[in-house]
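Peer 1: Following this line is start.pdb, made up of PDB, C-alpha atoms:
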MODEL        1
ATOM      1  CA  MET A   1       5.186  45.255  32.812
ATOM      2  CA  VAL A   2       3.026  45.662  35.932
ATOM      3  CA  VAL A   3       1.191  42.378  35.326
ATOM      4  CA  GLY A   4       4.475  40.510  34.829
ATOM      5  CA  PHE A   5       5.964  42.043  37.975
ATOM      6  CA  ILE A   6       2.900  41.193  40.073
ATOM      7  CA  ALA A   7       2.729  37.623  38.742
ATOM      8  CA  GLY A   8       6.456  37.123  39.343
ATOM      9  CA  LEU A   9       6.251  38.599  42.843
ATOM     10  CA  GLY A  10       3.317  36.286  43.632
ATOM     11  CA  GLU A  11       5.294  33.251  42.471
ATOM     12  CA  PHE A  12       8.373  34.371  44.419
ATOM     13  CA  LEU A  13       6.273  34.883  47.545
ATOM     14  CA  GLY A  14       4.651  31.466  47.140
ATOM     15  CA  TYR A  15       7.871  29.539  46.628
ATOM     16  CA  GLY A  16       9.697  31.436  49.377
ATOM     17  CA  LEU A  17       6.968  30.718  51.922
ATOM     18  CA  ARG A  18       7.155  26.975  51.256
ATOM     19  CA  ILE A  19      10.410  26.816  53.195
ATOM     20  CA  ILE A  20       8.720  28.344  56.239
ATOM     21  CA  SER A  21       5.623  26.187  55.871
ATOM     22  CA  GLY A  22       7.717  23.029  55.559
ATOM     23  CA  TRP A  23       9.678  23.931  58.682
ATOM     24  CA  ILE A  24       6.463  24.636  60.624
ATOM     25  CA  THR A  25       4.972  21.352  59.391
ATOM     26  CA  ASP A  26       7.996  19.403  60.619
ATOM     27  CA  LYS A  27       8.100  21.208  63.974
ATOM     28  CA  THR A  28       4.382  20.929  64.770
ATOM     29  CA  GLY A  29       3.339  17.726  62.972
ATOM     30  CA  LYS A  30      -0.044  19.411  62.348
ATOM     31  CA  TYR A  31      -0.329  18.152  58.778
ATOM     32  CA  TRP A  32      -4.097  18.360  58.452
ATOM     33  CA  GLY A  33      -4.486  21.780  60.060
ATOM     34  CA  ILE A  34      -1.810  23.262  57.813
ATOM     35  CA  ILE A  35      -3.179  21.555  54.698
ATOM     36  CA  ILE A  36      -6.759  22.654  55.384
ATOM     37  CA  THR A  37      -5.694  26.241  56.127
ATOM     38  CA  GLY A  38      -3.678  26.400  52.924
ATOM     39  CA  TYR A  39      -6.430  24.902  50.777
ATOM     40  CA  LEU A  40      -9.073  27.225  52.233
ATOM     41  CA  ILE A  41      -6.961  30.291  51.467
ATOM     42  CA  ASN A  42      -5.925  28.983  48.055
ATOM     43  CA  LEU A  43      -9.245  27.664  46.815
ATOM     44  CA  LEU A  44     -11.437  30.506  48.058
ATOM     45  CA  SER A  45      -9.199  33.320  46.781
ATOM     46  CA  VAL A  46      -9.884  32.606  43.112
ATOM     47  CA  PRO A  47     -13.711  32.585  43.267
ATOM     48  CA  ALA A  48     -13.496  35.747  45.400
ATOM     49  CA  LEU A  49     -12.195  37.499  42.281
ATOM     50  CA  ALA A  50     -15.851  37.553  41.192
ATOM     51  CA  LEU A  51     -16.539  40.048  43.976
ATOM     52  CA  VAL A  52     -13.772  42.601  43.423
ATOM     53  CA  GLY A  53     -14.065  45.727  41.363
ATOM     54  CA  ARG A  54     -10.542  47.089  41.732
ATOM     55  CA  TRP A  55      -7.298  45.716  40.378
ATOM     56  CA  GLU A  56      -5.556  46.253  43.715
ATOM     57  CA  LEU A  57      -7.978  43.849  45.387
ATOM     58  CA  ALA A  58      -7.469  41.354  42.572
ATOM     59  CA  VAL A  59      -3.689  41.541  43.177
ATOM     60  CA  MET A  60      -4.247  40.921  46.885
ATOM     61  CA  LEU A  61      -6.352  37.830  46.057
ATOM     62  CA  LEU A  62      -3.710  36.630  43.616
ATOM     63  CA  PHE A  63      -1.115  36.884  46.386
ATOM     64  CA  MET A  64      -3.485  35.097  48.796
ATOM     65  CA  GLU A  65      -3.898  32.262  46.293
ATOM     66  CA  ARG A  66      -0.108  31.855  46.067
ATOM     67  CA  ILE A  67       0.252  32.090  49.874
ATOM     68  CA  GLY A  68      -2.408  29.396  50.354
ATOM     69  CA  LYS A  69      -0.604  27.119  47.945
ATOM     70  CA  ALA A  70       2.693  27.795  49.741
ATOM     71  CA  ILE A  71       1.147  26.927  53.105
ATOM     72  CA  ARG A  72      -0.442  23.671  51.971
ATOM     73  CA  THR A  73       2.148  22.187  49.619
ATOM     74  CA  PRO A  74       4.897  20.949  52.002
ATOM     75  CA  ALA A  75       2.388  19.406  54.439
ATOM     76  CA  ARG A  76       0.375  17.890  51.574
ATOM     77  CA  ASP A  77       3.471  16.389  49.976
ATOM     78  CA  ALA A  78       4.626  14.943  53.309
ATOM     79  CA  LEU A  79       1.192  13.403  53.882
ATOM     80  CA  LEU A  80       1.144  12.135  50.306
ATOM     81  CA  SER A  81       4.501  10.450  50.858
ATOM     82  CA  HIS A  82       3.032   8.564  53.833
ATOM     83  CA  ALA A  83      -0.013   7.488  51.816
ATOM     84  CA  ALA A  84       1.967   6.595  48.701
ATOM     85  CA  GLY A  85       4.000   4.093  50.681
ATOM     86  CA  LYS A  86       0.949   1.826  50.849
ATOM     87  CA  ILE A  87       0.230   1.817  47.117
ATOM     88  CA  GLY A  88       3.650   2.591  45.684
ATOM     89  CA  TYR A  89       5.422   5.927  45.526
ATOM     90  CA  GLY A  90       5.450   6.156  41.745
ATOM     91  CA  TRP A  91       1.766   5.342  41.483
ATOM     92  CA  GLY A  92       0.793   7.653  44.364
ATOM     93  CA  PHE A  93       2.719  10.666  43.131
ATOM     94  CA  GLY A  94       1.787   9.935  39.505
ATOM     95  CA  LEU A  95      -1.902   9.790  40.388
ATOM     96  CA  HIS A  96      -1.603  13.047  42.315
ATOM     97  CA  GLU A  97       0.115  14.770  39.388
ATOM     98  CA  ALA A  98      -2.460  13.433  36.900
ATOM     99  CA  MET A  99      -5.349  14.700  39.031
ATOM    100  CA  ASP A 100      -3.599  18.061  39.443
ATOM    101  CA  GLN A 101      -3.164  18.424  35.676
ATOM    102  CA  ILE A 102      -6.772  17.416  35.001
ATOM    103  CA  GLY A 103      -7.906  20.150  37.388
ATOM    104  CA  ALA A 104      -5.533  22.641  35.770
ATOM    105  CA  MET A 105      -7.100  21.831  32.407
ATOM    106  CA  LEU A 106     -10.754  21.764  33.491
ATOM    107  CA  GLY A 107     -10.677  25.171  35.226
ATOM    108  CA  PRO A 108      -9.785  27.160  32.097
ATOM    109  CA  LEU A 109     -12.211  25.041  30.050
ATOM    110  CA  MET A 110     -15.020  25.947  32.459
ATOM    111  CA  ILE A 111     -14.099  29.614  32.119
ATOM    112  CA  ALA A 112     -14.033  29.337  28.310
ATOM    113  CA  LEU A 113     -17.490  27.720  28.292
ATOM    114  CA  ILE A 114     -18.911  30.477  30.450
ATOM    115  CA  PHE A 115     -17.493  33.113  28.095
ATOM    116  CA  TYR A 116     -18.814  31.155  25.119
ATOM    117  CA  PHE A 117     -22.329  31.281  26.574
ATOM    118  CA  GLN A 118     -22.040  35.054  27.030
ATOM    119  CA  GLY A 119     -21.028  35.033  30.663
ATOM    120  CA  GLY A 120     -18.603  37.547  32.098
ATOM    121  CA  TYR A 121     -15.708  37.480  34.512
ATOM    122  CA  ARG A 122     -17.976  37.584  37.585
ATOM    123  CA  GLU A 123     -19.861  34.472  36.496
ATOM    124  CA  ALA A 124     -16.680  32.720  35.391
ATOM    125  CA  PHE A 125     -14.827  33.214  38.659
ATOM    126  CA  GLY A 126     -17.990  32.620  40.677
ATOM    127  CA  VAL A 127     -18.472  29.198  39.071
ATOM    128  CA  LEU A 128     -15.011  28.223  40.289
ATOM    129  CA  LEU A 129     -16.511  28.135  43.777
ATOM    130  CA  ILE A 130     -18.098  24.763  42.844
ATOM    131  CA  PRO A 131     -14.830  22.811  42.394
ATOM    132  CA  ALA A 132     -13.376  24.672  45.390
ATOM    133  CA  VAL A 133     -16.206  23.483  47.652
ATOM    134  CA  LEU A 134     -15.915  19.943  46.252
ATOM    135  CA  ALA A 135     -12.159  19.858  46.880
ATOM    136  CA  ILE A 136     -12.531  21.167  50.423
ATOM    137  CA  SER A 137     -15.304  18.619  51.094
ATOM    138  CA  ILE A 138     -13.118  15.742  49.875
ATOM    139  CA  LEU A 139     -10.260  17.067  51.990
ATOM    140  CA  MET A 140     -12.477  17.101  55.083
ATOM    141  CA  ILE A 141     -13.619  13.528  54.397
ATOM    142  CA  ALA A 142      -9.974  12.428  54.061
ATOM    143  CA  ARG A 143      -9.170  14.220  57.319
ATOM    144  CA  PHE A 144     -11.993  12.329  59.023
ATOM    145  CA  LEU A 145     -10.999   8.936  57.559
ATOM    146  CA  TYR A 146      -7.256   9.318  58.171
ATOM    147  CA  PRO A 147      -6.803  11.627  61.174
ATOM    148  CA  SER A 148      -3.158  10.710  61.723
ATOM    149  CA  PRO A 149      -0.480  10.331  59.050
ATOM    150  CA  SER A 150       1.023   7.498  61.097
ATOM    151  CA  TYR A 151      -1.979   5.346  60.054
ATOM    152  CA  LEU A 152      -0.725   5.611  56.506
ATOM    153  CA  LYS A 153       2.825   4.468  57.115
ATOM    154  CA  ILE A 154       3.909   1.012  56.120
ATOM    155  CA  LYS A 155       4.656  -1.058  59.191
ATOM    156  CA  THR A 156       8.060  -2.703  59.096
ATOM    157  CA  ILE A 157       9.291  -5.493  61.295
ATOM    158  CA  GLN A 158      12.846  -5.468  62.555
ATOM    159  CA  VAL A 159      14.378  -8.933  62.393
ATOM    160  CA  LYS A 160      17.300  -9.560  64.712
ATOM    161  CA  THR A 161      20.102 -11.585  63.228
TER     162      THR A 161
ENDMDL
END
Mind turning this structure into structure tokens?
Peer 2:
Amino acid sequence: MVVGFIAGLGEFLGYGLRIISGWITDKTGKYWGIIITGYLINLLSVPALALVGRWELAVMLLFMERIGKAIRTPARDALLSHAAGKIGYGWGFGLHEAMDQIGAMLGPLMIALIFYFQGGYREAFGVLLIPAVLAISILMIARFLYPSPSYLKIKTIQVKT
């Protein structure tokens, strides 16, 4: 019952905070700063589980992971909509979803392999730091290559009739 309550509360917190994050994203236009902050919180919370020895700290990290995802998602989706305009919205969002699902599948497979080779929870969660660092590195490269979302918008020409 406690695990279900904590997981549900984490999901509720994450989805509720998306409204606030989306509003802040629209008001500030700081897409990259919000995305990077959210990804850092989200991606580093899970490997940090390797360091905790108390369930209360694990719950805090679970909540941090959900909060990070809530912070990043509206800004990421807005930025993705700008980028998808260049290649096609269906293709852009489909590619994003496919990559997301591949990551969702590979993480548990990595954990299963570590357990198979006699590793424990510390090693399993610690190894998740590798994809986290890779994702953050790719994000920083994208930030450098495309500093402003306006670069990604399709330019339209108004024709006077």
Peer 1: Convert the output of the PyMOL selection byres ((chain A and resi 58) around 12) on the shown file into explicit residues, formatted as a PyMOL selection string.
Peer 2: chain A and resi 3+6-7+10+45-57+59-65+125
Peer 1: With all atoms listed in the file as the atoms that count, which of A:Ser137, A:Gln101, A:Thr73, A:Gln118 lies nearest to Tyr15 (chain A)?
Peer 2: A:Thr73
Peer 1: I'd like the interatomic distance between CA of Gly16 (chain A) and CA of Lys69 (chain A), to a tenth of an Å.
Peer 2: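 One can read the CA of Gly16 (chain A) to CA of Lys69 (chain A) distance as 11.3 Å.
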Peer 1: Of the candidates A:Ile67, A:Met1, A:Met105, A:Leu43, which shows the shortest atom-to-atom distance to Gly14 (chain A), using all atoms listed in the file?
Peer 2: A:Ile67
Peer 1: Would you compute the box with edges along x, y and z of the file around region 83-89 of chain A, including every atom the file lists for it and 3 Å extra on each side, and give its centre and edge lengths in Å to one decimal, as JSON?
Peer 2:
{"center_x": 2.7, "center_y": 4.7, "center_z": 48.7, "size_x": 11.4, "size_y": 11.7, "size_z": 12.3}
Peer 1: For Val127 (chain A), list every protein, DNA or RNA residue within 10 Å, evaluated using only C-alpha atoms, and leave out those in the same chain fewer than 5 positions away; present the list as a PDB file with C-alpha atoms, in the frame of the given file.
Peer 2:
ATOM      1  CA  PRO A  47     -13.711  32.585  43.267  1.00  0.00           C
ATOM      2  CA  ALA A  50     -15.851  37.553  41.192  1.00  0.00           C
ATOM      3  CA  GLY A 107     -10.677  25.171  35.226  1.00  0.00           C
ATOM      4  CA  MET A 110     -15.020  25.947  32.459  1.00  0.00           C
ATOM      5  CA  ILE A 111     -14.099  29.614  32.119  1.00  0.00           C
ATOM      6  CA  ILE A 114     -18.911  30.477  30.450  1.00  0.00           C
ATOM      7  CA  TYR A 121     -15.708  37.480  34.512  1.00  0.00           C
ATOM      8  CA  ARG A 122     -17.976  37.584  37.585  1.00  0.00           C
ATOM      9  CA  ALA A 132     -13.376  24.672  45.390  1.00  0.00           C
TER      10      ALA A 132
END
